[in-house]
file model29.cif (mmCIF, C-alpha atoms and all ligand atoms)
data_structure
#
loop_
_atom_site.label_atom_id
_atom_site.label_comp_id
_atom_site.auth_asym_id
_atom_site.auth_seq_id
_atom_site.Cartn_x
_atom_site.Cartn_y
_atom_site.Cartn_z
CA MET Z 221 0.00 0.00 0.00
CA PRO Z 222 1.28 3.45 -0.86
CA SER Z 223 0.78 5.20 2.47
CA PRO Z 224 0.21 4.34 6.12
CA ILE Z 225 -2.75 2.75 7.82
CA LEU Z 226 -4.38 5.52 9.87
CA ILE Z 227 -5.63 4.37 13.28
CA ILE Z 228 -8.02 6.73 15.05
CA GLY Z 229 -7.81 6.13 18.80
CA GLY Z 230 -4.86 5.04 20.95
CA GLY Z 231 -6.71 2.84 23.47
CA ILE Z 232 -6.07 -0.85 24.03
CA GLY Z 233 -7.41 -1.85 20.59
CA GLY Z 234 -5.78 0.86 18.48
CA LEU Z 235 -2.37 0.28 20.03
CA ALA Z 236 -2.66 -3.51 19.70
CA LEU Z 237 -3.45 -3.07 16.01
CA ALA Z 238 -0.56 -0.62 15.56
CA LEU Z 239 1.89 -3.03 17.16
CA ALA Z 240 0.58 -6.00 15.17
CA LEU Z 241 0.97 -4.03 11.91
CA ILE Z 242 4.47 -2.86 12.82
CA ARG Z 243 5.47 -6.45 13.57
CA ARG Z 244 4.33 -7.30 10.03
CA GLY Z 245 6.30 -4.43 8.52
CA VAL Z 246 3.27 -2.29 7.67
CA ASP Z 247 3.48 1.49 8.06
CA VAL Z 248 1.05 2.95 10.66
CA ALA Z 249 0.14 6.18 12.41
CA VAL Z 250 -2.09 6.36 15.51
CA TYR Z 251 -4.11 9.54 16.15
CA GLU Z 252 -5.27 9.94 19.73
CA GLN Z 253 -7.35 12.83 21.02
CA ALA Z 254 -5.75 12.87 24.49
CA THR Z 255 -2.71 15.08 24.88
CA GLU Z 256 -0.93 12.43 26.93
CA LEU Z 257 -1.31 8.67 27.00
CA ARG Z 258 -2.61 8.27 30.50
CA GLU Z 259 -5.18 5.48 30.56
CA VAL Z 260 -7.96 6.06 33.05
CA GLY Z 261 -7.29 4.49 36.41
CA ALA Z 262 -9.11 1.21 36.35
CA GLY Z 263 -8.38 -2.47 36.17
CA VAL Z 264 -8.88 -4.88 33.35
CA GLN Z 265 -8.72 -8.65 33.39
CA MET Z 266 -7.13 -10.40 30.44
CA GLY Z 267 -8.14 -14.00 29.93
CA ALA Z 268 -5.86 -16.48 28.16
CA ASN Z 269 -7.27 -15.46 24.78
CA GLY Z 270 -5.99 -11.91 25.41
CA THR Z 271 -2.61 -12.68 26.98
CA ARG Z 272 -1.91 -15.20 24.18
CA VAL Z 273 -2.16 -12.39 21.62
CA LEU Z 274 -0.22 -9.88 23.71
CA HIS Z 275 2.58 -12.41 24.24
CA ALA Z 276 2.66 -13.13 20.49
CA LEU Z 277 3.18 -9.39 20.01
CA GLY Z 278 6.26 -9.58 22.23
CA LEU Z 279 4.77 -8.15 25.43
CA LYS Z 280 5.19 -11.08 27.81
CA ASP Z 281 8.00 -9.50 29.86
CA ALA Z 282 6.35 -6.08 29.88
CA LEU Z 283 3.09 -7.54 31.20
CA GLU Z 284 4.84 -9.67 33.78
CA ALA Z 285 6.42 -6.54 35.24
CA THR Z 286 3.04 -5.37 36.59
CA GLN Z 287 0.33 -8.03 36.07
CA VAL Z 288 -1.19 -10.04 38.91
CA VAL Z 289 -2.00 -13.73 38.70
CA ALA Z 290 -4.56 -14.14 41.46
CA SER Z 291 -4.08 -16.81 44.07
CA GLY Z 292 -7.75 -17.55 44.58
CA LYS Z 293 -11.33 -16.51 43.94
CA LEU Z 294 -14.14 -15.86 46.40
CA ALA Z 295 -17.89 -15.30 46.20
CA ARG Z 296 -19.42 -13.39 49.12
CA LEU Z 297 -22.94 -12.61 50.20
CA TRP Z 298 -23.88 -8.95 50.05
CA ASN Z 299 -25.22 -8.49 53.61
CA THR Z 300 -23.70 -11.13 55.88
CA GLY Z 301 -20.35 -11.42 54.10
CA GLN Z 302 -20.68 -15.22 54.04
CA THR Z 303 -17.81 -16.47 51.91
CA TRP Z 304 -17.48 -19.32 49.41
CA THR Z 305 -14.20 -20.33 47.79
CA THR Z 306 -14.97 -20.83 44.12
CA PHE Z 307 -13.18 -22.23 41.11
CA ASP Z 308 -10.33 -19.92 40.07
CA LEU Z 309 -9.41 -19.75 36.41
CA SER Z 310 -6.07 -18.12 37.19
CA ALA Z 311 -4.87 -21.38 38.71
CA VAL Z 312 -5.55 -23.50 35.62
CA SER Z 313 -5.30 -21.03 32.74
CA GLN Z 314 -1.65 -21.64 31.84
CA GLU Z 315 -1.97 -25.40 31.89
CA ARG Z 316 -5.37 -25.63 30.27
CA TYR Z 317 -5.25 -22.81 27.71
CA GLY Z 318 -1.49 -22.35 27.34
CA SER Z 319 -1.54 -18.75 28.55
CA SER Z 320 -2.12 -16.87 31.77
CA HIS Z 321 -5.27 -15.18 33.10
CA VAL Z 322 -4.15 -11.88 34.62
CA PHE Z 323 -5.40 -8.71 36.27
CA MET Z 324 -3.86 -5.43 35.17
CA HIS Z 325 -4.07 -1.71 35.68
CA ARG Z 326 -5.28 -0.35 32.35
CA GLY Z 327 -2.55 2.29 32.41
CA ASP Z 328 0.11 -0.44 32.69
CA LEU Z 329 -1.36 -2.35 29.76
CA GLN Z 330 -1.64 0.77 27.64
CA ALA Z 331 1.94 1.80 28.54
CA ALA Z 332 3.28 -1.66 27.62
CA LEU Z 333 1.60 -1.41 24.20
CA ALA Z 334 2.60 2.21 23.59
CA ASP Z 335 6.23 1.65 24.64
CA ALA Z 336 6.53 -1.29 22.26
CA VAL Z 337 5.05 0.75 19.40
CA MET Z 338 7.36 3.70 20.09
CA ARG Z 339 10.45 1.52 20.41
CA GLU Z 340 9.89 0.41 16.82
CA ARG Z 341 8.46 3.67 15.42
CA PRO Z 342 9.20 6.58 17.75
CA ASP Z 343 6.84 8.95 15.92
CA ALA Z 344 3.95 6.56 15.20
CA ILE Z 345 1.66 7.88 17.97
CA LYS Z 346 0.33 11.40 17.45
CA LEU Z 347 -1.32 12.91 20.51
CA GLY Z 348 -3.79 15.79 20.76
CA GLN Z 349 -5.44 14.81 17.45
CA ARG Z 350 -9.21 14.74 17.71
CA PHE Z 351 -10.80 13.14 14.65
CA THR Z 352 -13.64 15.14 13.09
CA SER Z 353 -14.24 13.85 9.55
CA LEU Z 354 -13.00 11.70 6.71
CA THR Z 355 -13.22 11.52 2.93
CA GLN Z 356 -12.61 8.45 0.81
CA HIS Z 357 -10.92 8.46 -2.62
CA ASP Z 358 -10.23 5.70 -5.11
CA ASP Z 359 -6.78 5.09 -3.72
CA GLY Z 360 -6.92 6.30 -0.13
CA VAL Z 361 -8.56 8.12 2.77
CA ALA Z 362 -8.17 11.69 4.04
CA VAL Z 363 -8.75 12.17 7.76
CA THR Z 364 -9.25 15.57 9.36
CA PHE Z 365 -8.78 16.65 12.99
CA ASP Z 366 -10.23 19.49 15.01
CA ASN Z 367 -6.94 21.40 14.78
CA GLY Z 368 -7.56 21.66 11.04
CA ALA Z 369 -4.83 19.19 10.03
CA THR Z 370 -5.61 16.58 7.36
CA VAL Z 371 -3.61 13.39 6.86
CA HIS Z 372 -3.74 10.84 4.06
CA GLY Z 373 -3.49 7.08 4.30
CA ALA Z 374 -4.20 3.89 2.41
CA LEU Z 375 -6.92 2.92 4.86
CA ALA Z 376 -8.37 4.17 8.16
CA VAL Z 377 -9.51 2.25 11.25
CA GLY Z 378 -11.84 3.67 13.89
CA ALA Z 379 -10.47 2.36 17.20
CA ASP Z 380 -12.13 5.25 18.95
CA GLY Z 381 -14.22 3.49 21.56
CA ILE Z 382 -17.81 3.09 22.57
CA ARG Z 383 -19.01 6.50 21.35
CA SER Z 384 -16.93 6.26 18.16
CA PRO Z 385 -17.00 9.40 16.00
CA VAL Z 386 -15.61 7.33 13.10
CA ARG Z 387 -18.63 4.99 13.39
CA ALA Z 388 -20.90 8.04 13.29
CA ALA Z 389 -19.06 9.36 10.21
CA LEU Z 390 -19.57 6.02 8.43
CA PHE Z 391 -23.04 5.00 9.54
CA GLY Z 392 -24.66 8.02 11.20
CA PRO Z 393 -25.55 8.56 14.86
CA ASP Z 394 -26.67 5.61 16.98
CA ARG Z 395 -29.34 5.38 19.65
CA PRO Z 396 -28.00 3.58 22.70
CA GLU Z 397 -30.52 2.28 25.18
CA PHE Z 398 -30.01 2.69 28.92
CA THR Z 399 -29.92 -0.64 30.79
CA GLY Z 400 -31.04 0.73 34.15
CA VAL Z 401 -27.63 -0.14 35.56
CA VAL Z 402 -24.90 2.25 36.72
CA ALA Z 403 -21.30 1.06 37.16
CA TRP Z 404 -18.87 2.49 39.69
CA ARG Z 405 -15.13 2.08 39.58
CA GLY Z 406 -12.20 3.14 41.70
CA LEU Z 407 -8.73 2.22 42.90
CA ILE Z 408 -7.52 1.70 46.46
CA ALA Z 409 -3.93 1.50 47.72
CA MET Z 410 -3.72 -2.05 49.04
CA ASP Z 411 -1.78 -0.96 52.14
CA GLN Z 412 -4.77 1.10 53.27
CA LEU Z 413 -6.93 -1.99 53.60
CA PRO Z 414 -7.13 -4.39 56.54
CA ALA Z 415 -5.17 -7.62 56.06
CA HIS Z 416 -8.21 -9.82 55.40
CA LEU Z 417 -9.11 -7.65 52.38
CA ALA Z 418 -5.59 -6.83 51.14
CA ARG Z 419 -5.13 -10.21 49.48
CA PRO Z 420 -4.29 -11.25 45.92
CA VAL Z 421 -7.68 -12.82 45.30
CA GLY Z 422 -10.57 -11.87 43.04
CA THR Z 423 -13.85 -11.40 44.92
CA ASN Z 424 -17.43 -11.19 43.65
CA TRP Z 425 -20.09 -9.92 46.05
CA LEU Z 426 -23.53 -11.22 45.11
CA GLY Z 427 -26.68 -9.31 45.95
CA PRO Z 428 -30.19 -8.75 44.68
CA ARG Z 429 -29.90 -5.24 43.22
CA GLY Z 430 -26.20 -4.95 42.74
CA HIS Z 431 -22.91 -6.66 42.19
CA VAL Z 432 -19.45 -5.79 43.53
CA LEU Z 433 -16.17 -7.05 42.15
CA HIS Z 434 -12.65 -6.37 43.35
CA TYR Z 435 -9.26 -7.70 42.36
CA PRO Z 436 -5.58 -6.76 42.72
CA VAL Z 437 -3.62 -4.95 40.00
CA ARG Z 438 -0.10 -3.49 39.59
CA ARG Z 439 1.97 -6.16 41.36
CA GLY Z 440 -0.75 -6.38 44.01
CA GLU Z 441 -0.13 -2.81 45.22
CA ILE Z 442 -3.57 -1.56 44.19
CA MET Z 443 -7.05 -2.99 44.47
CA ASN Z 444 -9.44 -2.38 41.60
CA PHE Z 445 -13.10 -1.92 42.59
CA ILE Z 446 -16.01 -2.19 40.17
CA SER Z 447 -19.64 -2.29 41.16
CA PHE Z 448 -22.98 -2.31 39.41
CA VAL Z 449 -26.26 -1.09 40.81
CA GLU Z 450 -29.77 -0.86 39.45
CA ARG Z 451 -30.86 2.78 39.35
CA ASP Z 452 -32.28 4.99 36.65
CA ASP Z 453 -31.46 8.55 37.68
CA TRP Z 454 -28.07 8.76 35.98
CA GLN Z 455 -27.67 8.14 32.27
CA VAL Z 456 -24.29 9.51 31.19
CA GLU Z 457 -21.93 7.10 29.47
CA SER Z 458 -18.46 8.35 30.37
CA TRP Z 459 -15.22 6.98 31.77
CA VAL Z 460 -14.36 10.26 33.45
CA THR Z 461 -17.40 11.41 35.41
CA GLN Z 462 -16.60 11.59 39.09
CA GLY Z 463 -19.17 10.70 41.72
CA THR Z 464 -18.85 11.04 45.46
CA SER Z 465 -18.05 8.45 48.08
CA ASP Z 466 -21.35 9.24 49.81
CA GLU Z 467 -23.34 8.56 46.66
CA LEU Z 468 -21.49 5.30 46.08
CA ALA Z 469 -21.95 4.26 49.71
CA ASN Z 470 -25.64 5.09 49.44
CA ASP Z 471 -26.00 2.82 46.39
CA PHE Z 472 -24.74 -0.05 48.57
CA LYS Z 473 -26.61 0.78 51.75
CA GLY Z 474 -27.10 -2.35 53.85
CA TRP Z 475 -24.16 -4.16 52.23
CA HIS Z 476 -21.47 -5.74 54.38
CA GLU Z 477 -18.97 -3.59 56.27
CA ASP Z 478 -16.09 -4.94 54.14
CA VAL Z 479 -17.71 -3.43 51.05
CA HIS Z 480 -17.99 -0.09 52.85
CA THR Z 481 -14.39 -0.28 54.10
CA ILE Z 482 -13.28 -0.58 50.49
CA ILE Z 483 -15.62 2.21 49.34
CA ARG Z 484 -14.32 4.56 52.06
CA ASN Z 485 -10.76 4.05 50.82
CA ILE Z 486 -11.41 4.76 47.14
CA GLU Z 487 -9.51 7.88 46.20
CA THR Z 488 -11.88 9.02 43.44
CA PRO Z 489 -15.00 7.06 42.54
CA PHE Z 490 -16.15 7.30 38.91
CA LYS Z 491 -19.61 6.40 37.60
CA TRP Z 492 -20.71 5.21 34.20
CA ALA Z 493 -24.25 4.54 32.94
CA MET Z 494 -24.42 1.21 31.13
CA MET Z 495 -25.88 1.51 27.63
CA VAL Z 496 -26.57 -1.16 25.02
CA ARG Z 497 -26.49 -0.88 21.26
CA GLY Z 498 -27.82 -3.28 18.68
CA PRO Z 499 -25.36 -5.34 16.61
CA MET Z 500 -24.05 -3.63 13.48
CA PRO Z 501 -24.75 -5.40 10.19
CA ARG Z 502 -21.37 -4.24 8.84
CA TRP Z 503 -18.29 -2.48 10.16
CA SER Z 504 -16.59 -1.26 6.99
CA ILE Z 505 -17.20 1.01 4.03
CA ASP Z 506 -14.60 0.82 1.27
CA ARG Z 507 -11.29 1.72 2.93
CA VAL Z 508 -12.51 2.49 6.43
CA THR Z 509 -13.37 0.00 9.16
CA LEU Z 510 -13.96 -0.17 12.91
CA MET Z 511 -12.59 -2.29 15.72
CA GLY Z 512 -13.11 -2.91 19.44
CA ASP Z 513 -15.81 -0.98 21.27
CA ALA Z 514 -16.38 1.16 18.17
CA CYS Z 515 -18.14 -1.74 16.41
CA HIS Z 516 -19.14 -4.23 19.13
CA PRO Z 517 -19.52 -2.34 22.41
CA THR Z 518 -20.42 -4.77 25.13
CA LEU Z 519 -21.57 -4.74 28.71
CA PRO Z 520 -18.67 -5.71 30.98
CA PHE Z 521 -20.28 -8.85 32.47
CA LEU Z 522 -17.84 -11.23 30.76
CA GLY Z 523 -14.72 -9.06 31.25
CA GLN Z 524 -13.94 -9.42 27.54
CA GLY Z 525 -14.44 -6.04 25.82
CA GLY Z 526 -10.77 -5.11 25.91
CA VAL Z 527 -9.71 -8.63 25.04
CA MET Z 528 -11.96 -8.55 21.95
CA ALA Z 529 -10.28 -5.30 20.87
CA VAL Z 530 -6.87 -6.99 21.19
CA GLU Z 531 -8.06 -10.02 19.18
CA ASP Z 532 -9.55 -7.70 16.53
CA GLY Z 533 -6.23 -5.88 16.21
CA TYR Z 534 -4.26 -9.07 15.66
CA VAL Z 535 -6.68 -10.49 13.08
CA LEU Z 536 -7.11 -7.18 11.23
CA ALA Z 537 -3.33 -6.79 10.93
CA ALA Z 538 -3.05 -10.33 9.54
CA CYS Z 539 -5.81 -9.62 6.98
CA LEU Z 540 -4.18 -6.34 5.92
CA GLU Z 541 -0.85 -8.06 5.43
CA LYS Z 542 -2.28 -11.00 3.51
CA TYR Z 543 -4.46 -8.88 1.20
CA PHE Z 544 -1.92 -6.09 0.95
CA GLY Z 545 -3.05 -3.69 -1.80
CA ASP Z 546 -6.64 -4.99 -1.77
CA PRO Z 547 -8.28 -3.21 1.18
CA GLN Z 548 -11.85 -4.21 0.41
CA THR Z 549 -10.99 -7.91 0.45
CA ALA Z 550 -8.88 -7.47 3.59
CA LEU Z 551 -11.73 -5.74 5.44
CA ALA Z 552 -14.36 -8.21 4.23
CA ARG Z 553 -12.24 -11.11 5.48
CA TYR Z 554 -11.64 -9.35 8.82
CA GLU Z 555 -15.38 -8.89 9.32
CA ASP Z 556 -16.10 -12.51 8.36
CA ILE Z 557 -13.63 -13.78 10.93
CA ARG Z 558 -14.57 -11.47 13.78
CA ARG Z 559 -18.29 -10.75 13.56
CA GLU Z 560 -19.86 -13.88 15.05
CA ARG Z 561 -17.40 -14.24 17.91
CA THR Z 562 -17.73 -10.63 19.03
CA ALA Z 563 -21.53 -10.79 18.67
CA ALA Z 564 -21.55 -13.83 20.96
CA VAL Z 565 -19.60 -11.88 23.59
CA VAL Z 566 -22.12 -9.03 23.38
CA ARG Z 567 -25.07 -11.46 23.67
CA LYS Z 568 -23.65 -13.45 26.56
CA SER Z 569 -22.56 -10.36 28.48
CA HIS Z 570 -26.15 -9.22 28.23
CA GLU Z 571 -27.41 -12.56 29.54
CA ASN Z 572 -24.91 -12.40 32.42
CA ARG Z 573 -26.22 -8.99 33.32
CA ARG Z 574 -29.64 -10.54 33.95
CA SER Z 575 -28.28 -13.29 36.17
CA ALA Z 576 -26.07 -10.82 38.08
CA PHE Z 577 -29.22 -9.00 39.19
CA SER Z 578 -31.42 -11.99 39.85
CA PRO Z 579 -33.92 -11.39 42.70
CA ALA Z 580 -32.97 -14.89 43.90
CA LEU Z 581 -29.70 -13.41 45.14
CA ALA Z 582 -31.55 -11.81 48.08
CA ASP Z 583 -31.95 -15.22 49.69
CA PRO Z 584 -28.73 -16.61 51.25
CA ASN Z 585 -29.84 -20.21 50.77
CA ARG Z 586 -30.50 -19.64 47.08
CA VAL Z 587 -27.11 -17.91 46.73
CA GLY Z 588 -25.39 -20.92 48.29
CA VAL Z 589 -27.13 -23.23 45.83
CA GLU Z 590 -26.35 -20.92 42.93
CA VAL Z 591 -22.66 -20.65 43.85
CA ALA Z 592 -22.34 -24.42 44.30
CA ARG Z 593 -24.00 -25.03 40.92
CA GLU Z 594 -22.69 -22.24 38.69
CA TRP Z 595 -19.23 -21.45 40.06
CA GLN Z 596 -17.72 -24.90 40.13
CA GLN Z 597 -15.09 -26.00 37.68
CA GLU Z 598 -17.20 -27.81 35.09
CA ARG Z 599 -19.88 -25.11 34.82
CA VAL Z 600 -17.29 -22.35 34.54
CA ARG Z 601 -15.61 -24.36 31.79
CA GLU Z 602 -18.87 -24.89 29.94
CA ARG Z 603 -19.58 -21.17 30.06
CA MET Z 604 -16.11 -19.84 29.34
CA GLU Z 605 -14.09 -22.43 27.40
CA TRP Z 606 -15.14 -21.04 24.00
CA LEU Z 607 -13.68 -17.69 25.02
CA TYR Z 608 -10.33 -18.71 26.47
CA ALA Z 609 -9.49 -21.54 24.08
CA TYR Z 610 -9.79 -19.30 21.00
CA ASP Z 611 -6.44 -18.51 19.42
CA ALA Z 612 -6.54 -15.30 17.36
CA THR Z 613 -2.92 -15.87 16.34
CA ALA Z 614 -3.81 -19.14 14.59
CA VAL Z 615 -7.09 -18.41 12.78
CA ALA Z 616 -7.07 -19.03 9.03
CA ILE Z 617 -6.92 -15.64 7.29
P1 LIG E 1 -11.09 2.49 24.19
O1 LIG E 1 -10.24 1.79 25.17
O2 LIG E 1 -12.28 3.23 24.68
O3 LIG E 1 -10.14 3.50 23.39
C1 LIG E 1 -10.66 4.45 22.47
C2 LIG E 1 -9.62 5.55 22.29
O4 LIG E 1 -10.08 6.42 21.25
C3 LIG E 1 -9.44 6.41 23.54
O5 LIG E 1 -8.07 6.53 23.83
C4 LIG E 1 -10.08 7.75 23.14
O6 LIG E 1 -9.47 8.85 23.78
C5 LIG E 1 -9.84 7.75 21.64
N1 LIG E 1 -10.78 8.62 20.90
C6 LIG E 1 -12.12 8.74 21.09
N2 LIG E 1 -12.62 9.67 20.27
C7 LIG E 1 -11.58 10.13 19.52
C8 LIG E 1 -11.46 11.12 18.47
N3 LIG E 1 -12.52 11.85 18.06
N4 LIG E 1 -10.23 11.32 17.91
C9 LIG E 1 -9.14 10.63 18.35
N5 LIG E 1 -9.20 9.71 19.35
C10 LIG E 1 -10.40 9.46 19.92
N6 LIG E 1 -12.61 -5.45 29.12
C11 LIG E 1 -11.83 -6.54 29.39
O7 LIG E 1 -11.27 -7.13 28.46
N7 LIG E 1 -11.67 -7.00 30.66
C12 LIG E 1 -12.25 -6.37 31.73
O8 LIG E 1 -12.05 -6.79 32.89
C13 LIG E 1 -13.08 -5.22 31.49
N8 LIG E 1 -13.68 -4.57 32.51
C14 LIG E 1 -14.48 -3.48 32.25
C15 LIG E 1 -15.14 -2.84 33.30
C16 LIG E 1 -15.98 -1.75 33.05
C17 LIG E 1 -16.69 -1.06 34.19
C18 LIG E 1 -16.14 -1.28 31.72
C19 LIG E 1 -17.04 -0.11 31.42
C20 LIG E 1 -15.47 -1.92 30.66
C21 LIG E 1 -14.66 -3.02 30.92
N9 LIG E 1 -14.01 -3.70 29.88
C22 LIG E 1 -13.23 -4.79 30.14
C23 LIG E 1 -14.17 -3.26 28.49
C24 LIG E 1 -12.98 -2.51 27.95
O9 LIG E 1 -12.69 -1.44 28.80
C25 LIG E 1 -13.25 -1.98 26.54
O10 LIG E 1 -13.87 -2.97 25.78
C26 LIG E 1 -11.94 -1.57 25.85
O11 LIG E 1 -11.39 -0.45 26.50
C27 LIG E 1 -12.19 -1.24 24.37
O12 LIG E 1 -10.97 -0.84 23.79
P2 LIG E 1 -10.99 0.13 22.53
O13 LIG E 1 -9.56 0.34 22.16
O14 LIG E 1 -11.94 -0.38 21.51
O15 LIG E 1 -11.62 1.50 23.07
#
call {"tool": "encode", "arguments": {"input": "model29.cif", "output": "structure tokens", "more": "lines below"}}
Ligand code: FAD
result
Amino acid sequence: MPSPILIIGGGIGGLALALALIRRGVDVAVYEQATELREVGAGVQMGANGTRVLHALGLKDALEATQVVASGKLARLWNTGQTWTTFDLSAVSQERYGSSHVFMHRGDLQAALADAVMRERPDAIKLGQRFTSLTQHDDGVAVTFDNGATVHGALAVGADGIRSPVRAALFGPDRPEFTGVVAWRGLIAMDQLPAHLARPVGTNWLGPRGHVLHYPVRRGEIMNFISFVERDDWQVESWVTQGTSDELANDFKGWHEDVHTIIRNIETPFKWAMMVRGPMPRWSIDRVTLMGDACHPTLPFLGQGGVMAVEDGYVLAACLEKYFGDPQTALARYEDIRRERTAAVVRKSHENRRSAFSPALADPNRVGVEVAREWQQERVRERMEWLYAYDATAVAI
């Protein structure tokens, strides 16, 4: 191709694609609206299907410098704190799927990707570039930013997240539907927590109107807190809207003291209204396509949105290399390979959302039965094997 692949968005997906293309010798430029690459403070879990791709891109050592492999998993009851030890994927992931299941700070993951990109191409990432529009020509794409600059490339990829302006430019505005669920997130310095909470284990608190999840990140020095609550008075979809500790505590009124100890120690709680969008019939027009949350935004109830963006990046790079000079074929093949799998993640995350808020979770006896049935090894395998066993580095292109 005569000129670079233009990637709009320098999040997990855009950087994974950039690195995968660089590894294949393809010229790229990443345009990110932020003026510095400082990923929002939050955790992300990467199942074996994600770490397998990141390791294939040469990031194993970089991830190991900060990742956490948990040493156990707990389910706890929202009000009494009753605790069940449940099957922990982290313990079997390497042996069963050939790659680790890890917890990471998103900033550490983004830095590992960005550092690797910049080591190979020091000027590949352009910051402070907010995409506004694009124009397609017979032999390329022109992309314009809000500073008035226009750049030209062989092809453009919208890796610009859940509210993707590139998607809007291609297909028009969307109409997301509010789920009635608000998510909270925050980070806590592990050394501020009492010893029984400051442990390298993942914990899910089960309750009737809400769900709380916490796990260690950054070498175990930080705890990542995510919670979901049913309420309909807040409908803004944003990573960066701050709430208050009082509001968060109020959403979990009546929950166990351990939950409130964690909430009290969150430096800055952020809130995010959970929206759903219907599946897109196509992701590409001519020489422009989408990846990650831009084309298959998902609820976070499978912990796979970021992993799907990483898989997309690897497969898209392979398609662009194989069908070099024939962008339409490359993008058609990419969509063929990725559409059904990502749609299944969206569907199943939605189903998991329903079970996470089941009224049955108000009754401790029912929770015990549910945990014993659904969280044991064979059931977890049945539910999750198709995700973790998938190898994006080996699919036929
Ligand atoms: P993003 O990470 O959103 O990156 C998009 C980038 O585009 C950003 O850097 C943005 O600044 C940039 N951008 C936007 N507009 C423009 C513009 N106009 N011009 C230039 N740049 C622009 N996934 C997991 O795999 N595991 C988890 O455990 C997990 N937990 C989650 C928990 C919660 C509460 C939520 C909400 C999500 C979670 N996810 C998880 C999902 C995951 O965060 C997303 O799927 C992932 O970040 C998508 O990556 P992306 O690169 O497509 O988009």
call {"tool": "atom_distance", "arguments": {"input": "model29.cif", "atom1": "atom CA of Z:Val371", "atom2": "atom CA of Z:Trp459"}}
result
28.2 Å
call {"tool": "residues_near_ligand", "arguments": {"input": "model29.cif", "ligand": "ligand LIG 1 (chain E)", "cutoff": "6 Å", "atoms": "only C-alpha atoms and all ligand atoms", "output": "PyMOL selection string"}}
result
chain Z and resi 228-234+251-254+264-266+349-351+379-382+384-385+403+512-514+520+523-527+529
call {"tool": "write_last_selection", "arguments": {"input": "model29.cif", "atoms": "C-alpha atoms", "output": "PDB file, in the coordinates of the input"}}
result
ATOM      1  CA  ILE Z 228      -8.020   6.730  15.050  1.00  0.00           C
ATOM      2  CA  GLY Z 229      -7.810   6.130  18.800  1.00  0.00           C
ATOM      3  CA  GLY Z 230      -4.860   5.040  20.950  1.00  0.00           C
ATOM      4  CA  GLY Z 231      -6.710   2.840  23.470  1.00  0.00           C
ATOM      5  CA  ILE Z 232      -6.070  -0.850  24.030  1.00  0.00           C
ATOM      6  CA  GLY Z 233      -7.410  -1.850  20.590  1.00  0.00           C
ATOM      7  CA  GLY Z 234      -5.780   0.860  18.480  1.00  0.00           C
ATOM      8  CA  TYR Z 251      -4.110   9.540  16.150  1.00  0.00           C
ATOM      9  CA  GLU Z 252      -5.270   9.940  19.730  1.00  0.00           C
ATOM     10  CA  GLN Z 253      -7.350  12.830  21.020  1.00  0.00           C
ATOM     11  CA  ALA Z 254      -5.750  12.870  24.490  1.00  0.00           C
ATOM     12  CA  VAL Z 264      -8.880  -4.880  33.350  1.00  0.00           C
ATOM     13  CA  GLN Z 265      -8.720  -8.650  33.390  1.00  0.00           C
ATOM     14  CA  MET Z 266      -7.130 -10.400  30.440  1.00  0.00           C
ATOM     15  CA  GLN Z 349      -5.440  14.810  17.450  1.00  0.00           C
ATOM     16  CA  ARG Z 350      -9.210  14.740  17.710  1.00  0.00           C
ATOM     17  CA  PHE Z 351     -10.800  13.140  14.650  1.00  0.00           C
ATOM     18  CA  ALA Z 379     -10.470   2.360  17.200  1.00  0.00           C
ATOM     19  CA  ASP Z 380     -12.130   5.250  18.950  1.00  0.00           C
ATOM     20  CA  GLY Z 381     -14.220   3.490  21.560  1.00  0.00           C
ATOM     21  CA  ILE Z 382     -17.810   3.090  22.570  1.00  0.00           C
ATOM     22  CA  SER Z 384     -16.930   6.260  18.160  1.00  0.00           C
ATOM     23  CA  PRO Z 385     -17.000   9.400  16.000  1.00  0.00           C
ATOM     24  CA  ALA Z 403     -21.300   1.060  37.160  1.00  0.00           C
ATOM     25  CA  GLY Z 512     -13.110  -2.910  19.440  1.00  0.00           C
ATOM     26  CA  ASP Z 513     -15.810  -0.980  21.270  1.00  0.00           C
ATOM     27  CA  ALA Z 514     -16.380   1.160  18.170  1.00  0.00           C
ATOM     28  CA  PRO Z 520     -18.670  -5.710  30.980  1.00  0.00           C
ATOM     29  CA  GLY Z 523     -14.720  -9.060  31.250  1.00  0.00           C
ATOM     30  CA  GLN Z 524     -13.940  -9.420  27.540  1.00  0.00           C
ATOM     31  CA  GLY Z 525     -14.440  -6.040  25.820  1.00  0.00           C
ATOM     32  CA  GLY Z 526     -10.770  -5.110  25.910  1.00  0.00           C
ATOM     33  CA  VAL Z 527      -9.710  -8.630  25.040  1.00  0.00           C
ATOM     34  CA  ALA Z 529     -10.280  -5.300  20.870  1.00  0.00           C
TER      35      ALA Z 529
END
call {"tool": "closest_residue", "arguments": {"input": "model29.cif", "among": "Z:Arg593, Z:His516, Z:His325, Z:Arg599", "to": "Z:Thr562", "atoms": "all atoms listed in the file"}}
result
Z:His516
call {"tool": "atom_distance", "arguments": {"input": "model29.cif", "atom1": "atom CA of Z:Arg574", "atom2": "atom CA of Z:Val479"}}
result
22.0 Å
call {"tool": "closest_atom_pairs", "arguments": {"input": "model29.cif", "of": "stretch 244-283 of chain Z", "to": "stretch 600-609 of chain Z", "cutoff": "7 Å", "atoms": "all atoms listed in the file", "output": "JSON lines"}}
result
{"residue": "Z:Gly267", "atom": "CA", "partner": "Z:Tyr608", "partner_atom": "CA", "distance": 6.2}
{"residue": "Z:Ala268", "atom": "CA", "partner": "Z:Tyr608", "partner_atom": "CA", "distance": 5.3}
{"residue": "Z:Asn269", "atom": "CA", "partner": "Z:Tyr608", "partner_atom": "CA", "distance": 4.8}
